[in-house]
>>> print(open('run-v4.pdb').read())   # PDB, C-alpha atoms and all ligand atoms
ATOM      1  CA  MET A   7      -0.816 -29.711  22.679
ATOM      2  CA  SER A   8      -1.393 -29.308  18.943
ATOM      3  CA  LEU A   9       0.482 -26.499  17.289
ATOM      4  CA  ASN A  10      -0.638 -24.522  14.264
ATOM      5  CA  LEU A  11       1.962 -22.544  12.353
ATOM      6  CA  GLU A  12      -0.365 -21.750   9.450
ATOM      7  CA  ILE A  13      -1.398 -18.150   9.027
ATOM      8  CA  GLU A  14      -3.753 -16.151   6.844
ATOM      9  CA  LEU A  15      -2.272 -12.821   5.828
ATOM     10  CA  ALA A  16      -4.718 -10.511   4.036
ATOM     11  CA  GLY A  17      -6.430 -13.613   2.673
ATOM     12  CA  ILE A  18      -3.167 -15.371   1.687
ATOM     13  CA  ARG A  19      -2.862 -18.814   3.276
ATOM     14  CA  MET A  20       0.682 -19.704   4.292
ATOM     15  CA  ASP A  21       1.940 -22.946   5.889
ATOM     16  CA  ASN A  22       4.076 -20.866   8.229
ATOM     17  CA  PRO A  23       4.757 -17.167   8.874
ATOM     18  CA  LEU A  24       8.316 -17.001   7.515
ATOM     19  CA  MET A  25       8.811 -15.238   4.186
ATOM     20  CA  LEU A  26      11.833 -14.588   2.014
ATOM     21  CA  ALA A  27      12.435 -10.820   2.022
ATOM     22  CA  SER A  28      12.662  -9.005  -1.284
ATOM     23  CA  GLY A  29      16.056  -8.421  -2.827
ATOM     24  CA  ILE A  30      18.387 -10.824  -1.147
ATOM     25  CA  LEU A  31      18.117 -13.616  -3.748
ATOM     26  CA  GLY A  32      17.006 -11.860  -6.914
ATOM     27  CA  ILE A  33      14.242 -12.833  -9.315
ATOM     28  CA  CYS A  34      14.626 -16.429 -10.377
ATOM     29  CA  PRO A  35      12.215 -19.413 -10.301
ATOM     30  CA  SER A  36      14.875 -21.928  -9.218
ATOM     31  CA  LEU A  37      15.865 -19.805  -6.207
ATOM     32  CA  ILE A  38      12.229 -19.458  -5.203
ATOM     33  CA  ARG A  39      11.942 -23.263  -5.233
ATOM     34  CA  ARG A  40      15.104 -23.626  -3.167
ATOM     35  CA  VAL A  41      13.829 -21.257  -0.505
ATOM     36  CA  ALA A  42      10.419 -22.956  -0.471
ATOM     37  CA  ALA A  43      12.105 -26.362  -0.039
ATOM     38  CA  ALA A  44      14.117 -24.905   2.863
ATOM     39  CA  GLY A  45      10.874 -24.128   4.692
ATOM     40  CA  ALA A  46       9.773 -20.590   3.771
ATOM     41  CA  GLY A  47       6.011 -20.083   3.960
ATOM     42  CA  ALA A  48       6.058 -17.471   1.156
ATOM     43  CA  VAL A  49       8.533 -15.685  -1.067
ATOM     44  CA  VAL A  50       8.875 -12.058  -2.160
ATOM     45  CA  THR A  51      10.773 -11.396  -5.394
ATOM     46  CA  LYS A  52      13.361  -8.695  -5.891
ATOM     47  CA  SER A  53      11.677  -5.486  -6.984
ATOM     48  CA  ILE A  54      10.561  -5.374 -10.605
ATOM     49  CA  GLY A  55      10.208  -2.194 -12.646
ATOM     50  CA  LEU A  56       8.688  -1.265 -15.986
ATOM     51  CA  ASN A  57      12.049  -1.203 -17.763
ATOM     52  CA  ALA A  58      15.325  -3.052 -17.276
ATOM     53  CA  ARG A  59      17.816  -1.412 -14.919
ATOM     54  CA  GLU A  60      21.463  -2.323 -14.818
ATOM     55  CA  GLY A  61      21.914  -1.119 -11.244
ATOM     56  CA  PHE A  62      24.869   0.658  -9.673
ATOM     57  CA  PRO A  63      28.564   0.011 -10.362
ATOM     58  CA  ASN A  64      30.480  -2.374  -8.087
ATOM     59  CA  PRO A  65      31.057  -2.744  -5.245
ATOM     60  CA  THR A  66      27.331  -3.038  -4.540
ATOM     61  CA  VAL A  67      27.519  -4.934  -1.238
ATOM     62  CA  HIS A  68      29.791  -4.800   1.775
ATOM     63  CA  ILE A  69      29.577  -6.888   4.946
ATOM     64  CA  ILE A  70      30.029  -4.868   8.101
ATOM     65  CA  LYS A  71      31.479  -7.105  10.803
ATOM     66  CA  TYR A  72      28.958  -7.931  13.599
ATOM     67  CA  TYR A  73      26.383  -5.471  12.327
ATOM     68  CA  GLY A  74      25.002  -6.413   8.955
ATOM     69  CA  LEU A  75      25.082  -5.880   5.276
ATOM     70  CA  LEU A  76      25.466  -2.630   3.414
ATOM     71  CA  ASN A  77      24.067  -2.610  -0.108
ATOM     72  CA  ALA A  78      23.458  -0.263  -2.968
ATOM     73  CA  MET A  79      22.458  -2.524  -5.819
ATOM     74  CA  GLY A  80      20.473   0.185  -7.584
ATOM     75  CA  LEU A  81      17.392  -1.956  -8.200
ATOM     76  CA  PRO A  82      18.912  -4.089 -10.978
ATOM     77  CA  ASN A  83      16.230  -6.109 -12.745
ATOM     78  CA  PRO A  84      15.438  -7.231 -16.280
ATOM     79  CA  GLY A  85      12.169  -5.258 -16.499
ATOM     80  CA  VAL A  86       8.663  -6.610 -16.211
ATOM     81  CA  ASP A  87       8.391  -8.045 -19.749
ATOM     82  CA  GLU A  88      11.476 -10.251 -19.273
ATOM     83  CA  VAL A  89      10.162 -11.375 -15.875
ATOM     84  CA  LEU A  90       6.887 -12.373 -17.519
ATOM     85  CA  LYS A  91       8.784 -14.495 -20.047
ATOM     86  CA  GLU A  92      10.811 -16.202 -17.319
ATOM     87  CA  PHE A  93       7.915 -16.830 -14.938
ATOM     88  CA  GLU A  94       5.049 -17.673 -17.290
ATOM     89  CA  GLY A  95       3.882 -21.251 -16.716
ATOM     90  CA  GLN A  96       6.064 -21.732 -13.614
ATOM     91  CA  LYS A  97       4.401 -23.321 -10.589
ATOM     92  CA  PHE A  98       5.519 -22.855  -7.013
ATOM     93  CA  SER A  99       4.630 -24.715  -3.830
ATOM     94  CA  VAL A 100       4.418 -21.494  -1.774
ATOM     95  CA  PRO A 101       2.702 -18.149  -2.386
ATOM     96  CA  VAL A 102       4.858 -15.784  -4.452
ATOM     97  CA  ILE A 103       4.498 -12.069  -3.847
ATOM     98  CA  TYR A 104       5.864  -9.768  -6.531
ATOM     99  CA  SER A 105       7.734  -6.700  -5.316
ATOM    100  CA  ILE A 106       7.397  -3.721  -7.632
ATOM    101  CA  TYR A 107       8.844  -0.236  -7.851
ATOM    102  CA  GLY A 108       8.148   2.796 -10.017
ATOM    103  CA  SER A 109       8.670   6.520 -10.340
ATOM    104  CA  SER A 110       4.981   7.440 -10.441
ATOM    105  CA  PRO A 111       1.642   5.928  -9.404
ATOM    106  CA  GLU A 112       1.002   5.081 -13.081
ATOM    107  CA  GLU A 113       4.295   3.220 -13.383
ATOM    108  CA  TYR A 114       3.596   1.109 -10.275
ATOM    109  CA  SER A 115       0.116   0.357 -11.544
ATOM    110  CA  ASN A 116       1.333  -0.549 -15.056
ATOM    111  CA  VAL A 117       3.896  -3.006 -13.679
ATOM    112  CA  ALA A 118       1.267  -4.547 -11.389
ATOM    113  CA  LYS A 119      -1.249  -4.880 -14.241
ATOM    114  CA  LYS A 120       1.318  -6.620 -16.456
ATOM    115  CA  LEU A 121       2.250  -9.029 -13.655
ATOM    116  CA  LEU A 122      -1.385 -10.103 -13.277
ATOM    117  CA  LYS A 123      -0.614 -12.616 -16.047
ATOM    118  CA  LEU A 124       1.361 -14.595 -13.468
ATOM    119  CA  ASN A 125      -1.619 -14.858 -11.052
ATOM    120  CA  PRO A 126       0.286 -13.237  -8.184
ATOM    121  CA  VAL A 127      -1.078 -13.822  -4.681
ATOM    122  CA  ALA A 128      -0.140 -10.246  -3.763
ATOM    123  CA  PHE A 129       2.065  -7.277  -4.591
ATOM    124  CA  GLU A 130       4.595  -5.651  -2.310
ATOM    125  CA  LEU A 131       5.107  -2.005  -3.240
ATOM    126  CA  ASN A 132       8.716  -0.991  -2.703
ATOM    127  CA  LEU A 133       8.197   2.561  -1.451
ATOM    128  CA  SER A 134      11.459   2.591   0.364
ATOM    129  CA  CYS A 135      14.716   1.926  -1.491
ATOM    130  CA  PRO A 136      17.017   4.407   0.321
ATOM    131  CA  HIS A 137      19.527   5.023  -2.444
ATOM    132  CA  VAL A 138      17.630   5.207  -5.753
ATOM    133  CA  ARG A 139      16.116   8.619  -5.319
ATOM    134  CA  GLU A 140      13.654   8.885  -8.178
ATOM    135  CA  VAL A 141      11.975   5.533  -7.506
ATOM    136  CA  GLY A 142      12.641   4.853  -3.850
ATOM    137  CA  SER A 143      13.086   7.432  -1.148
ATOM    138  CA  MET A 144      11.412  10.209  -3.141
ATOM    139  CA  VAL A 145       8.203   8.159  -3.366
ATOM    140  CA  GLY A 146       8.253   6.728   0.138
ATOM    141  CA  GLN A 147       9.044   9.944   1.994
ATOM    142  CA  ASP A 148       6.020  11.765   0.668
ATOM    143  CA  PRO A 149       2.700  10.742   2.281
ATOM    144  CA  GLU A 150       0.681  12.208  -0.601
ATOM    145  CA  MET A 151       2.676  10.170  -3.125
ATOM    146  CA  VAL A 152       2.318   7.029  -1.002
ATOM    147  CA  TYR A 153      -1.441   7.570  -0.922
ATOM    148  CA  LYS A 154      -1.579   8.014  -4.700
ATOM    149  CA  VAL A 155       0.567   4.942  -5.442
ATOM    150  CA  VAL A 156      -1.374   2.629  -3.108
ATOM    151  CA  ASN A 157      -4.712   4.024  -4.228
ATOM    152  CA  LEU A 158      -3.995   3.600  -7.935
ATOM    153  CA  VAL A 159      -2.515   0.099  -7.607
ATOM    154  CA  LYS A 160      -5.429  -0.969  -5.391
ATOM    155  CA  SER A 161      -7.921   0.242  -7.959
ATOM    156  CA  SER A 162      -6.020  -1.405 -10.837
ATOM    157  CA  VAL A 163      -5.596  -4.952  -9.514
ATOM    158  CA  ASN A 164      -7.759  -7.332  -7.586
ATOM    159  CA  VAL A 165      -5.129  -8.869  -5.312
ATOM    160  CA  PRO A 166      -3.828  -7.813  -1.885
ATOM    161  CA  VAL A 167      -1.329  -4.970  -1.868
ATOM    162  CA  PHE A 168       1.366  -4.526   0.778
ATOM    163  CA  ALA A 169       3.451  -1.393   1.248
ATOM    164  CA  LYS A 170       7.097  -1.763   2.270
ATOM    165  CA  LEU A 171       8.047   1.322   4.219
ATOM    166  CA  SER A 172      11.312   3.101   4.847
ATOM    167  CA  PRO A 173      12.726   3.915   8.277
ATOM    168  CA  ASN A 174      14.491   6.894   6.658
ATOM    169  CA  VAL A 175      11.635   9.316   7.337
ATOM    170  CA  THR A 176      10.770  11.744  10.113
ATOM    171  CA  ASP A 177       7.460  10.102  10.979
ATOM    172  CA  ILE A 178       6.827   6.619   9.642
ATOM    173  CA  LEU A 179       3.337   6.622  11.181
ATOM    174  CA  GLU A 180       2.354   9.500   8.890
ATOM    175  CA  ILE A 181       3.506   7.468   5.869
ATOM    176  CA  ALA A 182       1.756   4.325   7.141
ATOM    177  CA  SER A 183      -1.398   6.327   7.734
ATOM    178  CA  ALA A 184      -1.394   7.494   4.096
ATOM    179  CA  ALA A 185      -1.042   3.881   2.931
ATOM    180  CA  VAL A 186      -3.826   2.718   5.243
ATOM    181  CA  LYS A 187      -6.151   5.520   4.099
ATOM    182  CA  ALA A 188      -5.509   4.425   0.512
ATOM    183  CA  GLY A 189      -6.666   0.919   1.405
ATOM    184  CA  VAL A 190      -3.393  -0.997   1.750
ATOM    185  CA  ASP A 191      -3.849  -4.634   2.844
ATOM    186  CA  GLY A 192      -0.718  -4.824   4.960
ATOM    187  CA  ILE A 193       2.454  -2.983   5.906
ATOM    188  CA  VAL A 194       5.932  -4.400   5.578
ATOM    189  CA  ALA A 195       8.428  -2.761   7.941
ATOM    190  CA  ILE A 196      11.240  -1.994   7.446
ATOM    191  CA  ASN A 197      13.467  -1.538   4.419
ATOM    192  CA  THR A 198      17.155  -0.776   4.976
ATOM    193  CA  VAL A 199      18.544   2.142   6.953
ATOM    194  CA  LYS A 200      20.556   4.706   4.995
ATOM    195  CA  ALA A 201      24.243   4.113   5.739
ATOM    196  CA  MET A 202      27.794   4.125   4.378
ATOM    197  CA  ALA A 203      31.293   2.857   5.078
ATOM    198  CA  ILE A 204      34.736   4.191   4.157
ATOM    199  CA  ASP A 205      37.821   2.114   3.364
ATOM    200  CA  VAL A 206      40.489   3.551   5.659
ATOM    201  CA  ASP A 207      43.359   2.387   3.462
ATOM    202  CA  LEU A 208      41.964   3.659   0.183
ATOM    203  CA  ARG A 209      40.278   6.603   1.923
ATOM    204  CA  LYS A 210      37.279   6.116  -0.305
ATOM    205  CA  PRO A 211      33.668   5.081   0.252
ATOM    206  CA  LEU A 212      33.334   1.300   0.016
ATOM    207  CA  LEU A 213      30.235   1.256  -2.169
ATOM    208  CA  GLY A 214      30.207   2.212  -5.823
ATOM    209  CA  ASN A 215      27.200   4.412  -5.085
ATOM    210  CA  ILE A 216      29.005   5.955  -2.050
ATOM    211  CA  TYR A 217      26.088   5.224   0.295
ATOM    212  CA  GLY A 218      23.463   2.536   0.532
ATOM    213  CA  GLY A 219      21.153   0.757   2.939
ATOM    214  CA  LEU A 220      22.059  -1.266   6.034
ATOM    215  CA  SER A 221      20.250  -4.516   6.843
ATOM    216  CA  GLY A 222      20.978  -7.269   9.361
ATOM    217  CA  PRO A 223      21.317  -7.473  13.152
ATOM    218  CA  ALA A 224      22.130  -3.774  13.684
ATOM    219  CA  ILE A 225      18.738  -2.632  12.410
ATOM    220  CA  LYS A 226      16.592  -5.153  14.313
ATOM    221  CA  PRO A 227      15.918  -2.865  17.319
ATOM    222  CA  ILE A 228      14.877  -0.082  14.918
ATOM    223  CA  ALA A 229      12.506  -2.452  13.124
ATOM    224  CA  ILE A 230      11.073  -3.789  16.399
ATOM    225  CA  LYS A 231      10.240  -0.263  17.601
ATOM    226  CA  ILE A 232       8.561   0.572  14.305
ATOM    227  CA  VAL A 233       6.526  -2.662  14.248
ATOM    228  CA  TYR A 234       5.523  -2.001  17.880
ATOM    229  CA  ASP A 235       4.331   1.519  17.015
ATOM    230  CA  LEU A 236       2.508   0.367  13.874
ATOM    231  CA  PHE A 237       0.673  -2.283  15.900
ATOM    232  CA  GLU A 238      -0.434   0.335  18.448
ATOM    233  CA  ASN A 239      -1.787   2.604  15.727
ATOM    234  CA  PHE A 240      -3.217   0.486  12.892
ATOM    235  CA  LYS A 241      -5.371  -2.587  12.409
ATOM    236  CA  VAL A 242      -3.869  -3.788   9.112
ATOM    237  CA  PRO A 243      -1.507  -6.772   9.332
ATOM    238  CA  ILE A 244       2.161  -5.951   9.754
ATOM    239  CA  VAL A 245       4.996  -7.995   8.294
ATOM    240  CA  GLY A 246       8.209  -7.533  10.280
ATOM    241  CA  VAL A 247      11.581  -7.453   8.555
ATOM    242  CA  GLY A 248      15.013  -6.377   9.681
ATOM    243  CA  GLY A 249      17.817  -8.498  11.110
ATOM    244  CA  VAL A 250      16.073 -11.800  11.828
ATOM    245  CA  CYS A 251      18.932 -14.275  12.301
ATOM    246  CA  ASP A 252      17.389 -16.802  14.702
ATOM    247  CA  TRP A 253      14.096 -17.871  16.271
ATOM    248  CA  ARG A 254      14.437 -15.410  19.164
ATOM    249  CA  ASP A 255      14.533 -12.522  16.687
ATOM    250  CA  ALA A 256      11.409 -13.893  14.995
ATOM    251  CA  VAL A 257       9.549 -14.246  18.306
ATOM    252  CA  GLU A 258      10.489 -10.671  19.201
ATOM    253  CA  PHE A 259       8.837  -9.430  16.003
ATOM    254  CA  PHE A 260       5.629 -11.398  16.749
ATOM    255  CA  LEU A 261       5.485 -10.014  20.276
ATOM    256  CA  ALA A 262       5.967  -6.489  18.876
ATOM    257  CA  GLY A 263       2.972  -7.005  16.591
ATOM    258  CA  ALA A 264       4.082  -8.680  13.365
ATOM    259  CA  TRP A 265       1.799 -11.303  11.816
ATOM    260  CA  ALA A 266       4.578 -12.670   9.648
ATOM    261  CA  ILE A 267       8.354 -12.272   9.406
ATOM    262  CA  GLN A 268      10.611 -11.738   6.418
ATOM    263  CA  ILE A 269      14.154 -13.039   6.416
ATOM    264  CA  GLY A 270      16.764 -11.388   4.204
ATOM    265  CA  SER A 271      20.389 -10.860   5.134
ATOM    266  CA  GLY A 272      20.196 -13.639   7.770
ATOM    267  CA  ILE A 273      20.573 -15.964   4.765
ATOM    268  CA  LEU A 274      24.043 -14.571   4.253
ATOM    269  CA  TRP A 275      25.236 -15.930   7.608
ATOM    270  CA  ARG A 276      23.092 -19.045   8.007
ATOM    271  CA  GLY A 277      22.251 -20.045   4.426
ATOM    272  CA  VAL A 278      18.707 -20.926   3.349
ATOM    273  CA  ASN A 279      18.544 -23.460   6.196
ATOM    274  CA  ILE A 280      17.786 -20.465   8.390
ATOM    275  CA  PHE A 281      14.098 -21.020   7.553
ATOM    276  CA  GLY A 282      14.081 -24.539   9.044
ATOM    277  CA  GLU A 283      16.163 -23.456  12.036
ATOM    278  CA  VAL A 284      13.859 -20.547  12.875
ATOM    279  CA  LEU A 285      10.774 -22.736  12.427
ATOM    280  CA  ASN A 286      12.137 -25.375  14.818
ATOM    281  CA  GLY A 287      12.942 -22.772  17.450
ATOM    282  CA  LEU A 288       9.563 -21.139  16.972
ATOM    283  CA  ARG A 289       7.768 -24.463  17.490
ATOM    284  CA  ARG A 290       9.735 -25.122  20.694
ATOM    285  CA  TYR A 291       9.058 -21.634  22.033
ATOM    286  CA  MET A 292       5.339 -21.914  21.313
ATOM    287  CA  LEU A 293       5.070 -25.324  22.983
ATOM    288  CA  GLU A 294       7.026 -24.215  26.045
ATOM    289  CA  ASN A 295       4.999 -21.039  26.389
ATOM    290  CA  GLY A 296       1.533 -22.405  25.679
ATOM    291  CA  PHE A 297       0.925 -20.636  22.342
ATOM    292  CA  LYS A 298      -1.320 -22.823  20.150
ATOM    293  CA  CYS A 299      -1.098 -20.658  17.034
ATOM    294  CA  VAL A 300       0.921 -17.761  15.663
ATOM    295  CA  GLU A 301      -1.984 -15.300  16.068
ATOM    296  CA  GLU A 302      -1.821 -15.751  19.844
ATOM    297  CA  MET A 303       1.721 -14.380  19.853
ATOM    298  CA  VAL A 304       0.974 -11.336  17.682
ATOM    299  CA  GLY A 305       1.275  -8.215  19.855
ATOM    300  CA  ALA A 306       1.680 -10.253  23.060
ATOM    301  CA  GLY A 307       4.625  -8.023  24.010
ATOM    302  CA  HIS A 308       2.340  -4.984  24.436
ATOM    303  CA  ARG A 309       1.097  -4.111  27.888
TER     304      ARG A 309
HETATM  305  C1  LIG B 401      18.743  -2.096  -4.268
HETATM  306  O1  LIG B 401      18.442  -2.766  -5.267
HETATM  307  O2  LIG B 401      19.619  -1.226  -4.319
HETATM  308  C2  LIG B 401      18.052  -2.314  -2.954
HETATM  309  C3  LIG B 401      16.599  -2.214  -3.077
HETATM  310  C4  LIG B 401      15.920  -1.744  -1.833
HETATM  311  O3  LIG B 401      16.558  -1.517  -0.799
HETATM  312  O4  LIG B 401      14.710  -1.564  -1.875
END
>>> encode(input="run-v4.pdb", output="structure tokens")
Amino acid sequence: MSLNLEIELAGIRMDNPLMLASGILGICPSLIRRVAAAGAGAVVTKSIGLNAREGFPNPTVHIIKYYGLLNAMGLPNPGVDEVLKEFEGQKFSVPVIYSIYGSSPEEYSNVAKKLLKLNPVAFELNLSCPHVREVGSMVGQDPEMVYKVVNLVKSSVNVPVFAKLSPNVTDILEIASAAVKAGVDGIVAINTVKAMAIDVDLRKPLLGNIYGGLSGPAIKPIAIKIVYDLFENFKVPIVGVGGVCDWRDAVEFFLAGAWAIQIGSGILWRGVNIFGEVLNGLRRYMLENGFKCVEEMVGAGHR
């Protein structure tokens, strides 16, 4: 039986459905190449803003045994103009999606317009950073704001726009609905879950910012439920993200309704070879279960 791992996501052709999630490896052409060589079908950059941001004081990350990774980086990035300098003229063998953040619809749209110089295949709007209030949670918790951001970016650029949503809301379907009404091309679910940890010896919070966002295995069931619900309610493609550490996790996301999968903190435990490992397992699973292409698996876990 011939097997096809290629997918088309909102018009973006990818050799396989595994993407590097935003944030985990920063914004750097050589890292993008490394991840592409390891087998990723597409790459999402760390979120880029209009101006440089230093981020939060250390410690900014903390590994929580068995469960995942706690982070509060504070959206550090050199600002869009520096990114343009670093990326101009660079060529990549996989589609590169630029993640952007802002504090207003205009700011998102201005960053997106500047990045057009790099011929991006798509933008991922970070509407969901849980611990940078003015540019993350405050935007992504307000359906009206989400509508305005997606609407303005969509009308400013002629490339697909994805919205990365936060689980830290009362009703994520209401937020997704606002993005869909504004014409979003796909939904990425989920960003990290608001969390914290305390050092029992120091009796102090472990993160410099006190709290942050949890990613990794502990949040996978939360992400699966959200992807499942999004699939039941919307027609736009869904990209699943949250705790993928092996091929079984990836398959679970497809069955829940994801068209593609992003891998982030799994890299911490398995290195960038995780892409090849998940792809091998995925191939085996598809062959053994009679799936000829990825699309056939999407939503197959729904009754
Ligand atoms: C960070 O830079 O603090 C994380 C960004 C995010 O979770 O969106």
>>> residues_near_ligand(input="run-v4.pdb", ligand="ligand LIG 401 (chain B)", cutoff="10 Å", atoms="only C-alpha atoms and all ligand atoms", output="PyMOL selection string")
chain A and resi 28-30+32+52-54+59+61-62+66-67+76-83+105-107+131-138+141-143+170-172+196-200+215+218-221
>>> atom_distance(input="run-v4.pdb", atom1="CA of Leu179 (chain A)", atom2="CA of Ala306 (chain A)")
20.7 Å
>>> atom_distance(input="run-v4.pdb", atom1="CA of Ile33 (chain A)", atom2="CA of Val284 (chain A)")
23.5 Å
>>> closest_residue(input="run-v4.pdb", among="A:Val127, A:Ile178, A:Ala188, A:Ile38", to="Val155 (chain A)", atoms="only C-alpha atoms")
A:Ala188
>>> resolve_selection(input="run-v4.pdb", expression="the PyMOL selection byres (((chain A and resi 253) around 8) and not hetatm)", output="ChimeraX atom specification")
/A:250-252,254-257,283-288
>>> closest_residue(input="run-v4.pdb", among="A:Phe240, A:Tyr291, A:Tyr114, A:Trp275", to="Gly222 (chain A)", atoms="only C-alpha atoms")
A:Trp275
>>> resolve_selection(input="run-v4.pdb", expression="the PyMOL selection byres (((chain A and resi 181) around 8) and not hetatm)", output="list in words")
Gly146, Gln147, Asp148, Pro149, Val152, Leu171, Asp177, Ile178, Leu179, Glu180, Ala182, Ser183, Ala184 and Ala185 of chain A
>>> write_last_selection(input="run-v4.pdb", atoms="C-alpha atoms", output="compact mmCIF listing (two decimals), keeping the file's coordinate frame")
# COMPACT_ATOMS: atom_id res chain seq x y z
CA GLY A 146 8.25 6.73 0.14
CA GLN A 147 9.04 9.94 1.99
CA ASP A 148 6.02 11.76 0.67
CA PRO A 149 2.70 10.74 2.28
CA VAL A 152 2.32 7.03 -1.00
CA LEU A 171 8.05 1.32 4.22
CA ASP A 177 7.46 10.10 10.98
CA ILE A 178 6.83 6.62 9.64
CA LEU A 179 3.34 6.62 11.18
CA GLU A 180 2.35 9.50 8.89
CA ALA A 182 1.76 4.32 7.14
CA SER A 183 -1.40 6.33 7.73
CA ALA A 184 -1.39 7.49 4.10
CA ALA A 185 -1.04 3.88 2.93
>>> closest_residue(input="run-v4.pdb", among="A:Gly47, A:Pro126, A:Gly307, A:Gly272", to="Ile230 (chain A)", atoms="only C-alpha atoms")
A:Gly307
>>> atom_distance(input="run-v4.pdb", atom1="CA of Val86 (chain A)", atom2="CA of Ser109 (chain A)")
14.4 Å
>>> residues_near_point(input="run-v4.pdb", point="(12.6, -19.9, 3.3)", cutoff="8 Å", atoms="all atoms listed in the file", output="ChimeraX atom specification")
/A:24-26,40-49,269,278-282
>>> write_last_selection(input="run-v4.pdb", atoms="C-alpha atoms", output="CSV table (one decimal), in the frame of the given file")
chain,number,residue,atom,x,y,z
A,24,LEU,CA,8.3,-17.0,7.5
A,25,MET,CA,8.8,-15.2,4.2
A,26,LEU,CA,11.8,-14.6,2.0
A,40,ARG,CA,15.1,-23.6,-3.2
A,41,VAL,CA,13.8,-21.3,-0.5
A,42,ALA,CA,10.4,-23.0,-0.5
A,43,ALA,CA,12.1,-26.4,0.0
A,44,ALA,CA,14.1,-24.9,2.9
A,45,GLY,CA,10.9,-24.1,4.7
A,46,ALA,CA,9.8,-20.6,3.8
A,47,GLY,CA,6.0,-20.1,4.0
A,48,ALA,CA,6.1,-17.5,1.2
A,49,VAL,CA,8.5,-15.7,-1.1
A,269,ILE,CA,14.2,-13.0,6.4
A,278,VAL,CA,18.7,-20.9,3.3
A,279,ASN,CA,18.5,-23.5,6.2
A,280,ILE,CA,17.8,-20.5,8.4
A,281,PHE,CA,14.1,-21.0,7.6
A,282,GLY,CA,14.1,-24.5,9.0
>>> resolve_selection(input="run-v4.pdb", expression="the PyMOL selection byres (((chain A and resi 163) around 8) and not hetatm)", output="PyMOL selection string")
chain A and resi 118-119+122+159-162+164-165
>>> residues_near_point(input="run-v4.pdb", point="(25.6, -7.0, 12.4)", cutoff="8 Å", atoms="only C-alpha atoms", output="ChimeraX atom specification")
/A:70-75,222-224
>>> decode(input="run-v4.pdb", residues="region 217-221 of chain A", atoms="all heavy atoms", output="compact mmCIF listing (two decimals), in the first residue's frame")
# COMPACT_ATOMS: atom_id res chain seq x y z
N TYR A 217 4.79 33.20 38.03
CA TYR A 217 4.00 32.16 37.36
C TYR A 217 4.34 32.16 35.87
O TYR A 217 4.99 33.07 35.36
CB TYR A 217 2.50 32.35 37.58
CG TYR A 217 1.93 33.52 36.80
CD1 TYR A 217 1.32 33.32 35.57
CD2 TYR A 217 2.03 34.81 37.29
CE1 TYR A 217 0.81 34.39 34.84
CE2 TYR A 217 1.53 35.88 36.58
CZ TYR A 217 0.92 35.66 35.35
OH TYR A 217 0.44 36.72 34.63
N GLY A 218 3.89 31.12 35.21
CA GLY A 218 4.17 31.02 33.77
C GLY A 218 3.19 30.10 33.09
O GLY A 218 2.02 30.04 33.48
N GLY A 219 3.67 29.39 32.08
CA GLY A 219 2.79 28.49 31.32
C GLY A 219 3.38 27.09 31.31
O GLY A 219 4.59 26.92 31.15
N LEU A 220 2.51 26.09 31.47
CA LEU A 220 2.95 24.69 31.48
C LEU A 220 2.73 24.08 30.10
O LEU A 220 1.66 24.23 29.51
CB LEU A 220 2.15 23.92 32.53
CG LEU A 220 2.52 22.44 32.71
CD1 LEU A 220 3.93 22.30 33.30
CD2 LEU A 220 1.51 21.75 33.63
N SER A 221 3.77 23.40 29.60
CA SER A 221 3.64 22.64 28.35
C SER A 221 4.07 21.21 28.65
O SER A 221 4.47 20.91 29.77
CB SER A 221 4.53 23.25 27.27
OG SER A 221 5.87 23.30 27.71
